[in-house]
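A.B. asks: Sharing my_file23.cif below, mmCIF, C-alpha atoms:
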data_coords
#
loop_
_atom_site.group_PDB
_atom_site.id
_atom_site.type_symbol
_atom_site.label_atom_id
_atom_site.label_comp_id
_atom_site.auth_asym_id
_atom_site.auth_seq_id
_atom_site.Cartn_x
_atom_site.Cartn_y
_atom_site.Cartn_z
ATOM 1 C CA MET A 202 53.710 34.345 -66.434
ATOM 2 C CA ARG A 203 56.548 32.359 -68.009
ATOM 3 C CA ASN A 204 58.665 32.964 -64.907
ATOM 4 C CA LEU A 205 56.033 31.520 -62.635
ATOM 5 C CA THR A 206 55.600 28.611 -65.030
ATOM 6 C CA LEU A 207 59.234 27.644 -64.641
ATOM 7 C CA VAL A 208 59.136 28.125 -60.884
ATOM 8 C CA THR A 209 56.161 25.794 -60.722
ATOM 9 C CA ALA A 210 57.807 23.285 -63.018
ATOM 10 C CA LEU A 211 61.065 23.221 -61.072
ATOM 11 C CA THR A 212 59.351 22.938 -57.729
ATOM 12 C CA ALA A 213 56.953 20.261 -58.892
ATOM 13 C CA SER A 214 59.762 18.284 -60.492
ATOM 14 C CA ILE A 215 61.735 18.365 -57.272
ATOM 15 C CA ILE A 216 58.850 17.551 -54.968
ATOM 16 C CA PHE A 217 57.265 14.897 -57.129
ATOM 17 C CA SER A 218 60.309 13.418 -58.891
ATOM 18 C CA GLY A 219 60.313 10.467 -56.528
ATOM 19 C CA SER A 220 56.677 9.650 -57.198
ATOM 20 C CA ALA A 221 57.078 9.926 -60.971
ATOM 21 C CA ASN A 222 59.230 6.797 -61.040
ATOM 22 C CA ALA A 223 57.645 5.103 -58.048
ATOM 23 C CA GLU A 224 57.248 1.380 -57.923
ATOM 24 C CA ASP A 225 54.555 -0.448 -56.009
ATOM 25 C CA HIS A 226 56.052 -1.501 -52.708
ATOM 26 C CA SER A 227 52.816 -2.038 -50.848
ATOM 27 C CA GLY A 228 53.335 -3.996 -47.704
ATOM 28 C CA THR A 229 56.921 -2.818 -47.180
ATOM 29 C CA ASP A 230 57.951 -0.067 -44.801
ATOM 30 C CA LYS A 231 59.703 2.769 -46.545
ATOM 31 C CA ALA A 232 61.823 5.325 -44.733
ATOM 32 C CA PRO A 233 60.739 8.943 -45.141
ATOM 33 C CA PRO A 234 62.947 11.098 -47.374
ATOM 34 C CA LYS A 235 66.011 12.541 -45.691
ATOM 35 C CA LEU A 236 65.890 15.725 -47.737
ATOM 36 C CA VAL A 237 63.123 17.664 -49.471
ATOM 37 C CA VAL A 238 64.227 20.630 -51.585
ATOM 38 C CA ALA A 239 61.948 23.258 -53.114
ATOM 39 C CA ILE A 240 63.567 25.752 -55.477
ATOM 40 C CA SER A 241 61.865 28.857 -56.750
ATOM 41 C CA VAL A 242 63.729 31.062 -59.234
ATOM 42 C CA ASP A 243 62.113 34.358 -60.176
ATOM 43 C CA GLN A 244 62.673 35.628 -63.718
ATOM 44 C CA PHE A 245 63.887 32.223 -64.938
ATOM 45 C CA SER A 246 61.598 31.670 -67.900
ATOM 46 C CA ALA A 247 60.975 28.356 -69.624
ATOM 47 C CA ASP A 248 62.811 29.782 -72.668
ATOM 48 C CA LEU A 249 65.948 30.448 -70.613
ATOM 49 C CA PHE A 250 65.699 27.065 -68.959
ATOM 50 C CA SER A 251 65.517 25.352 -72.361
ATOM 51 C CA GLU A 252 68.313 27.482 -73.827
ATOM 52 C CA TYR A 253 70.802 26.740 -71.054
ATOM 53 C CA ARG A 254 69.630 23.251 -70.116
ATOM 54 C CA ARG A 255 72.586 21.579 -71.888
ATOM 55 C CA SER A 256 75.004 23.755 -69.874
ATOM 56 C CA PHE A 257 73.731 22.704 -66.446
ATOM 57 C CA THR A 258 76.087 20.703 -64.255
ATOM 58 C CA GLY A 259 75.820 19.093 -60.831
ATOM 59 C CA GLY A 260 72.472 19.485 -59.111
ATOM 60 C CA LEU A 261 70.862 21.579 -61.859
ATOM 61 C CA ASP A 262 71.809 18.924 -64.405
ATOM 62 C CA ARG A 263 70.253 16.252 -62.227
ATOM 63 C CA LEU A 264 67.071 18.296 -61.862
ATOM 64 C CA ALA A 265 66.963 19.199 -65.565
ATOM 65 C CA ASN A 266 67.120 15.526 -66.509
ATOM 66 C CA GLY A 267 64.340 14.610 -64.110
ATOM 67 C CA ALA A 268 60.673 15.499 -64.382
ATOM 68 C CA VAL A 269 60.383 18.931 -66.032
ATOM 69 C CA PHE A 270 57.165 20.671 -67.059
ATOM 70 C CA PRO A 271 58.085 23.537 -69.431
ATOM 71 C CA SER A 272 54.441 24.084 -70.381
ATOM 72 C CA GLY A 273 53.137 24.048 -66.813
ATOM 73 C CA TYR A 274 51.090 26.926 -65.476
ATOM 74 C CA GLN A 275 49.421 28.201 -62.363
ATOM 75 C CA SER A 276 45.716 28.651 -62.788
ATOM 76 C CA HIS A 277 45.450 31.984 -61.020
ATOM 77 C CA ALA A 278 45.849 35.501 -62.304
ATOM 78 C CA ALA A 279 48.107 36.884 -59.575
ATOM 79 C CA THR A 280 51.492 36.009 -61.072
ATOM 80 C CA GLU A 281 53.517 38.066 -58.611
ATOM 81 C CA THR A 282 56.176 36.619 -56.322
ATOM 82 C CA CYS A 283 54.217 36.356 -53.065
ATOM 83 C CA PRO A 284 51.072 34.674 -54.466
ATOM 84 C CA GLY A 285 53.216 32.386 -56.623
ATOM 85 C CA HIS A 286 55.411 31.240 -53.761
ATOM 86 C CA SER A 287 52.425 30.733 -51.470
ATOM 87 C CA THR A 288 50.681 28.656 -54.150
ATOM 88 C CA ILE A 289 53.786 26.533 -54.723
ATOM 89 C CA MET A 290 54.387 25.857 -51.050
ATOM 90 C CA THR A 291 50.770 25.368 -49.931
ATOM 91 C CA GLY A 292 49.223 23.738 -52.983
ATOM 92 C CA VAL A 293 46.178 26.040 -52.935
ATOM 93 C CA HIS A 294 45.298 29.127 -54.953
ATOM 94 C CA SER A 295 46.574 32.417 -53.602
ATOM 95 C CA GLY A 296 43.117 33.671 -52.586
ATOM 96 C CA ARG A 297 42.559 30.659 -50.367
ATOM 97 C CA ALA A 298 46.114 30.841 -49.034
ATOM 98 C CA GLY A 299 45.512 34.479 -47.999
ATOM 99 C CA ILE A 300 48.354 35.920 -50.080
ATOM 100 C CA ILE A 301 46.401 37.759 -52.757
ATOM 101 C CA ALA A 302 49.224 39.959 -54.102
ATOM 102 C CA ASN A 303 52.655 41.307 -53.186
ATOM 103 C CA ASN A 304 50.932 44.397 -51.742
ATOM 104 C CA TRP A 305 47.338 45.410 -51.166
ATOM 105 C CA ILE A 306 45.375 48.236 -49.580
ATOM 106 C CA ASP A 307 43.622 47.665 -46.246
ATOM 107 C CA LEU A 308 41.614 50.705 -45.191
ATOM 108 C CA SER A 309 40.878 49.181 -41.783
ATOM 109 C CA ILE A 310 44.450 49.345 -40.449
ATOM 110 C CA ALA A 311 45.233 52.169 -38.030
ATOM 111 C CA ARG A 312 48.390 53.573 -39.615
ATOM 112 C CA GLU A 313 48.479 56.349 -42.212
ATOM 113 C CA ASP A 314 49.946 54.119 -44.911
ATOM 114 C CA LYS A 315 47.218 51.612 -45.789
ATOM 115 C CA THR A 316 49.509 49.514 -48.026
ATOM 116 C CA VAL A 317 50.099 46.028 -46.654
ATOM 117 C CA TYR A 318 52.998 43.824 -47.746
ATOM 118 C CA CYS A 319 52.283 40.103 -48.089
ATOM 119 C CA ALA A 320 54.851 39.052 -45.488
ATOM 120 C CA GLU A 321 54.355 41.802 -42.900
ATOM 121 C CA ASP A 322 52.317 41.891 -39.724
ATOM 122 C CA GLU A 323 50.667 45.289 -39.853
ATOM 123 C CA ARG A 324 49.168 44.709 -36.374
ATOM 124 C CA ILE A 325 52.585 45.426 -34.833
ATOM 125 C CA ASP A 326 53.157 49.106 -34.012
ATOM 126 C CA GLY A 327 56.112 50.709 -35.743
ATOM 127 C CA THR A 328 56.135 48.434 -38.755
ATOM 128 C CA SER A 329 55.545 49.503 -42.319
ATOM 129 C CA PHE A 330 56.414 48.416 -45.796
ATOM 130 C CA GLY A 331 54.975 51.320 -47.771
ATOM 131 C CA ASP A 332 56.754 54.453 -48.942
ATOM 132 C CA ILE A 333 54.760 56.798 -46.721
ATOM 133 C CA THR A 334 55.559 55.486 -43.244
ATOM 134 C CA ALA A 335 58.570 53.188 -43.682
ATOM 135 C CA PRO A 336 61.123 56.042 -43.325
ATOM 136 C CA THR A 337 59.660 57.067 -39.956
ATOM 137 C CA GLN A 338 58.345 53.752 -38.621
ATOM 138 C CA GLY A 339 61.094 51.419 -39.762
ATOM 139 C CA ASP A 340 61.123 48.186 -41.674
ATOM 140 C CA TYR A 341 58.263 45.753 -41.722
ATOM 141 C CA VAL A 342 58.121 42.846 -39.295
ATOM 142 C CA ALA A 343 58.186 39.592 -41.265
ATOM 143 C CA SER A 344 55.301 37.307 -40.407
ATOM 144 C CA VAL A 345 53.101 34.539 -41.756
ATOM 145 C CA TRP A 346 50.039 36.357 -40.375
ATOM 146 C CA HIS A 347 48.296 36.519 -43.762
ATOM 147 C CA LEU A 348 48.964 32.878 -44.680
ATOM 148 C CA LEU A 349 45.725 31.016 -43.942
ATOM 149 C CA VAL A 350 46.738 27.430 -44.724
ATOM 150 C CA PRO A 351 49.677 25.202 -43.774
ATOM 151 C CA THR A 352 52.718 24.983 -46.027
ATOM 152 C CA LEU A 353 54.585 21.899 -47.151
ATOM 153 C CA GLY A 354 57.119 22.634 -44.406
ATOM 154 C CA ASP A 355 54.362 22.871 -41.779
ATOM 155 C CA ARG A 356 52.973 19.504 -42.838
ATOM 156 C CA LEU A 357 56.400 17.863 -42.838
ATOM 157 C CA LYS A 358 57.220 19.327 -39.421
ATOM 158 C CA LYS A 359 53.896 18.082 -38.018
ATOM 159 C CA SER A 360 54.546 14.557 -39.269
ATOM 160 C CA ARG A 361 58.168 14.565 -38.044
ATOM 161 C CA PRO A 362 58.693 17.000 -35.142
ATOM 162 C CA SER A 363 62.464 16.396 -35.076
ATOM 163 C CA LEU A 364 62.775 17.621 -38.662
ATOM 164 C CA ALA A 365 65.006 20.647 -39.223
ATOM 165 C CA MET A 366 63.829 23.364 -41.630
ATOM 166 C CA LEU A 367 65.979 25.849 -43.536
ATOM 167 C CA GLN A 368 65.092 28.664 -45.905
ATOM 168 C CA LEU A 369 67.633 30.474 -48.056
ATOM 169 C CA ARG A 370 67.233 33.485 -50.308
ATOM 170 C CA ALA A 371 69.778 34.656 -52.824
ATOM 171 C CA ARG A 372 68.466 38.219 -52.812
ATOM 172 C CA THR A 373 66.296 40.532 -50.799
ATOM 173 C CA GLY A 374 62.724 40.829 -51.892
ATOM 174 C CA PRO A 375 59.256 39.400 -51.388
ATOM 175 C CA LEU A 376 59.005 36.180 -49.433
#
Translate the structure of the given file into structure tokens.

C.D. replies:
Amino acid sequence: MRNLTLVTALTASIIFSGSANAEDHSGTDKAPPKLVVAISVDQFSADLFSEYRRSFTGGLDRLANGAVFPSGYQSHAATETCPGHSTIMTGVHSGRAGIIANNWIDLSIAREDKTVYCAEDERIDGTSFGDITAPTQGDYVASVWHLLVPTLGDRLKKSRPSLAMLQLRARTGPL
């Protein structure tokens, strides 16, 4: 839970840092931001963040001295990676977003292995994430099939079609 708390705090501080110090400029046109960054760090607890905060340099130092919420929390019980990331990037609880867990059982799917991974499209033949069929059927096909609501990136792209999007992961794993 602490890990998800820090992830939420970091992401919220990044996304909303501009509005925390906003001034009233009603009546003036303001250019949209040139860069929006969302960072999610699994296993980076609020305790670790506080312990090493004085050691941060560069971008982490800038973020650490901005808006930080070390006592923040997500008000849902599914504190796994997939539901947490979907909540952060959509702004809705994981049940509404459609990402209820990292994995779940769906007895209605045709394959032998009924385990569904949050980022797979089990409708595609030959895909599997579970231990039973993955060795014979191959890796899962990544998809947003289960995500029921738009993400922050979707909303930004809709408002500015020329916007470029980039996602980076430092490790393999969920979402």

A.B. asks: Would you list the contacts of A:Ser309 as a PyMOL selection string, taking every protein, DNA or RNA residue within 12 Å and counting only C-alpha atoms, but skipping same-chain residues closer than 6 positions in sequence?

C.D. replies: chain A and resi 315-317+323-324

A.B. asks: Report as an mmCIF file with C-alpha atoms, keeping the file's coordinate frame the residues that result from applying the PyMOL selection byres ((chain A and resi 352-357) around 8) to the structure here.

C.D. replies:
data_model
loop_
_atom_site.group_PDB
_atom_site.id
_atom_site.type_symbol
_atom_site.label_atom_id
_atom_site.label_comp_id
_atom_site.auth_asym_id
_atom_site.auth_seq_id
_atom_site.Cartn_x
_atom_site.Cartn_y
_atom_site.Cartn_z
ATOM 1 C CA SER A 287 52.425 30.733 -51.470
ATOM 2 C CA MET A 290 54.387 25.857 -51.050
ATOM 3 C CA THR A 291 50.770 25.368 -49.931
ATOM 4 C CA GLY A 292 49.223 23.738 -52.983
ATOM 5 C CA VAL A 350 46.738 27.430 -44.724
ATOM 6 C CA PRO A 351 49.677 25.202 -43.774
ATOM 7 C CA LYS A 358 57.220 19.327 -39.421
ATOM 8 C CA LYS A 359 53.896 18.082 -38.018
ATOM 9 C CA SER A 360 54.546 14.557 -39.269
ATOM 10 C CA ARG A 361 58.168 14.565 -38.044
ATOM 11 C CA LEU A 364 62.775 17.621 -38.662
ATOM 12 C CA MET A 366 63.829 23.364 -41.630
#

A.B. asks: Distance atom CA of A:Ile310-atom CA of A:Glu281, one decimal place?

C.D. replies: 23.2 Å

A.B. asks: What does the structure give for the distance between atom CA of A:Ala265 and atom CA of A:Leu236, in Å to one decimal?

C.D. replies: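 Separation of atom CA of A:Ala265 and atom CA of A:Leu236: 18.2 Å.
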
A.B. asks: Find the residues around A:Gly296 up to 9 Å (only C-alpha atoms counted), leave out those fewer than 6 positions away in its own chain, and share them as a ChimeraX atom specification.

C.D. replies: /A:277,284,302

A.B. asks: Figure out the distance between atom CA of A:Ala343 and atom CA of A:Thr328, please, to one decimal in Å.

C.D. replies: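 Separation of atom CA of A:Thr328 and atom CA of A:Ala343: 9.4 Å.
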
A.B. asks: Find the residue from A:Glu313, A:Ile289, A:Pro362, A:Trp346 that sits nearest to A:Ala239; use only C-alpha atoms when measuring.

C.D. replies: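 Among the listed residues, A:Ile289 lies closest to A:Ala239.
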
A.B. asks: Hey, could you pull the box centre and edge lengths for stretch 310-328 of chain A, axis-aligned, 6 Å padding per side, all listed atoms, to one decimal in Å, as lines of an AutoDock Vina configuration file?

C.D. replies:
center_x = 50.3
center_y = 47.7
center_z = -41.1
size_x = 23.7
size_y = 29.3
size_z = 26.1

A.B. asks: Which residues are near A:Asp326? Cut-off 10 Å, only C-alpha atoms, ignore same chain within fewer than 2 positions. Put them as an MDAnalysis selection string.

C.D. replies: chainID A and resid 311:312 322:324 328:329 338 341:342

A.B. asks: Which residues would end up in the selection if the PyMOL selection byres ((chain A and resi 298) around 6) were applied here, given that I need the answer as JSON, numbers by chain?

C.D. replies: {"A": [295, 296, 297, 299, 300, 348, 349, 350]}

A.B. asks: Keeping C-alpha atoms, export the residues of the selection given above as a PDB file, keeping the file's coordinate frame.

C.D. replies:
ATOM      1  CA  SER A 295      46.574  32.417 -53.602  1.00  0.00           C
ATOM      2  CA  GLY A 296      43.117  33.671 -52.586  1.00  0.00           C
ATOM      3  CA  ARG A 297      42.559  30.659 -50.367  1.00  0.00           C
ATOM      4  CA  GLY A 299      45.512  34.479 -47.999  1.00  0.00           C
ATOM      5  CA  ILE A 300      48.354  35.920 -50.080  1.00  0.00           C
ATOM      6  CA  LEU A 348      48.964  32.878 -44.680  1.00  0.00           C
ATOM      7  CA  LEU A 349      45.725  31.016 -43.942  1.00  0.00           C
ATOM      8  CA  VAL A 350      46.738  27.430 -44.724  1.00  0.00           C
TER       9      VAL A 350
END
